[in-house]
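Text of my_file_16.txt (compact mmCIF, C-alpha atoms) as supplied:
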```
# COMPACT_ATOMS: atom_id res chain seq x y z
CA MET A 102 22.83 43.47 -20.16
CA THR A 103 21.01 40.73 -22.14
CA GLN A 104 17.34 40.01 -21.85
CA ARG A 105 16.03 36.57 -21.09
CA LYS A 106 13.76 34.96 -23.60
CA ALA A 107 10.30 33.95 -22.53
CA PRO A 108 9.74 30.18 -22.35
CA LYS A 109 8.24 28.68 -25.49
CA LYS A 110 4.63 27.62 -25.37
CA ARG A 111 4.06 23.98 -26.06
CA GLY A 112 1.24 22.73 -28.22
CA GLY A 113 -1.49 20.40 -27.15
CA LYS A 114 -4.93 20.51 -25.69
CA LYS A 115 -5.78 23.21 -23.23
CA LYS A 116 -6.88 21.94 -19.86
CA ARG A 117 -10.41 22.77 -18.84
CA PRO A 118 -11.35 23.20 -15.20
CA ILE A 119 -13.31 20.34 -13.69
CA THR A 120 -16.89 21.35 -13.15
CA LYS A 121 -20.05 19.54 -12.13
CA PRO A 122 -22.50 18.87 -14.96
CA PRO A 123 -25.72 20.83 -14.77
CA SER A 124 -28.45 19.02 -12.86
CA ASP A 125 -30.49 18.51 -16.03
CA GLN A 126 -27.64 16.46 -17.60
CA VAL A 127 -27.26 13.97 -14.73
CA GLU A 128 -28.45 10.48 -15.64
CA GLU A 129 -31.54 9.35 -13.81
CA ASN A 130 -30.35 5.74 -13.34
CA ALA A 131 -27.08 6.79 -11.65
CA SER A 132 -28.46 6.21 -8.17
CA PRO A 133 -26.34 4.68 -5.38
CA SER A 134 -28.25 1.38 -5.66
CA HIS A 135 -26.66 0.75 -9.07
CA THR A 136 -23.09 0.77 -7.85
CA LEU A 137 -20.62 -2.04 -8.38
CA SER A 138 -20.44 -2.86 -4.66
CA SER A 139 -24.08 -3.96 -4.64
CA LYS A 140 -23.34 -6.61 -7.30
CA VAL A 141 -20.23 -8.11 -5.67
CA PRO A 142 -20.84 -10.52 -2.76
CA LYS A 143 -19.06 -9.84 0.52
CA HIS A 144 -15.59 -11.34 0.46
CA LYS A 145 -11.96 -10.91 1.53
CA HIS A 146 -8.73 -11.67 -0.25
CA CYS A 147 -6.16 -14.25 0.82
CA ALA A 148 -3.43 -12.58 2.88
CA ASN A 149 -0.76 -14.53 0.99
CA CYS A 150 -1.83 -14.88 -2.65
CA GLY A 151 -4.77 -12.46 -3.02
CA VAL A 152 -7.41 -14.95 -4.16
CA SER A 153 -11.01 -14.04 -3.28
CA ILE A 154 -12.19 -16.01 -0.21
CA ASP A 155 -14.99 -16.08 2.39
CA PRO A 156 -14.95 -13.21 4.92
CA GLU A 157 -14.45 -15.63 7.84
CA ARG A 158 -11.08 -16.92 6.58
CA ASP A 159 -7.67 -15.25 6.38
CA THR A 160 -6.04 -17.49 3.78
CA CYS A 161 -7.35 -19.71 0.99
CA SER A 162 -5.59 -22.95 1.98
CA ASN A 163 -3.34 -24.57 4.57
CA GLU A 164 -0.40 -24.12 2.18
CA CYS A 165 -1.03 -20.38 1.98
CA GLN A 166 -1.38 -20.23 5.77
CA ALA A 167 2.00 -21.94 6.18
CA ARG A 168 3.64 -19.54 3.70
CA TRP A 169 2.00 -16.56 5.43
CA ASP A 170 3.24 -17.69 8.87
CA LYS A 171 6.76 -18.24 7.50
CA MET A 172 6.78 -14.75 5.95
CA LEU A 173 5.62 -13.20 9.24
CA SER A 174 8.35 -14.97 11.20
CA ARG A 175 11.00 -13.75 8.72
CA LYS A 176 9.63 -10.23 8.94
CA LYS A 177 9.72 -10.36 12.73
CA PHE A 178 13.33 -11.64 12.65
CA TRP A 179 14.49 -8.83 10.33
CA THR A 180 12.64 -6.27 12.46
CA TYR A 181 14.41 -7.30 15.69
CA LEU A 182 17.85 -8.04 14.17
CA PRO A 183 19.15 -4.42 14.26
CA ILE A 184 18.06 -4.05 17.89
CA ILE A 185 19.78 -7.29 18.94
CA GLY A 186 22.89 -6.34 16.93
CA THR A 187 23.10 -2.94 18.60
CA ILE A 188 22.79 -4.49 22.06
CA LEU A 189 25.56 -6.99 21.27
CA ILE A 190 27.86 -4.23 19.95
CA VAL A 191 27.28 -2.11 23.07
CA LEU A 192 27.97 -5.10 25.35
CA PHE A 193 31.15 -5.89 23.42
CA TRP A 194 32.25 -2.25 23.66
CA ILE A 195 31.63 -2.24 27.43
CA LEU A 196 33.64 -5.46 27.88
CA VAL A 197 36.54 -4.15 25.82
CA SER A 198 36.54 -0.70 27.46
CA PHE A 199 36.42 -1.81 31.10
CA GLY A 200 38.07 -5.20 30.79
CA GLY A 201 41.32 -4.12 29.25
```
Would you write out, as structure tokens, the structure that this file holds?
Amino acid sequence: MTQRKAPKKRGGKKKRPITKPPSDQVEENASPSHTLSSKVPKHKHCANCGVSIDPERDTCSNECQARWDKMLSRKKFWTYLPIIGTILIVLFWILVSFGG
């Protein structure tokens, strides 16, 4: 019977466990008031192109709104297509089975 060899160890840095820094090493100016969100004004992004816009709007322009509406209608079509196709196949099967 042959013995299996142990897997070879690979070189590289050893991983250290993640620990919290001691309380005396925490920076004093790292308070929640100095976060990035306090410096960025309230905004949304255009649903179509992603440009930063006012929070009251959904898209940045009428062109983007038209593209967004067209994309939604295509998505709705492709969502309902398998259901409609299945219904048509079942109706065809019923007509062929009982009509012939």
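When atom CA of A:His144 is paired with atom CA of A:Ser162, their separation reads 15.4 Å.
Across the model, the gap from atom CA of A:Gln166 to atom CA of A:Ala148 is 8.4 Å.
The smallest atom-to-atom distance between A:Asn149 and any of A:Asn163, A:Arg168, A:Lys177, A:Arg105, using all atoms listed in the file, is found for A:Arg168.
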Report, in Å with one decimal, the straight-line distance from atom CA of A:Val152 to atom CA of A:Ala167. 15.6 Å
Need the axis-aligned box for stretch 172-180 of chain A with 4 Å each side, so what are the centre and edges in Å to one decimal, as JSON?
```
{"center_x": 10.1, "center_y": -10.6, "center_z": 9.3, "size_x": 16.9, "size_y": 16.7, "size_z": 14.8}
```
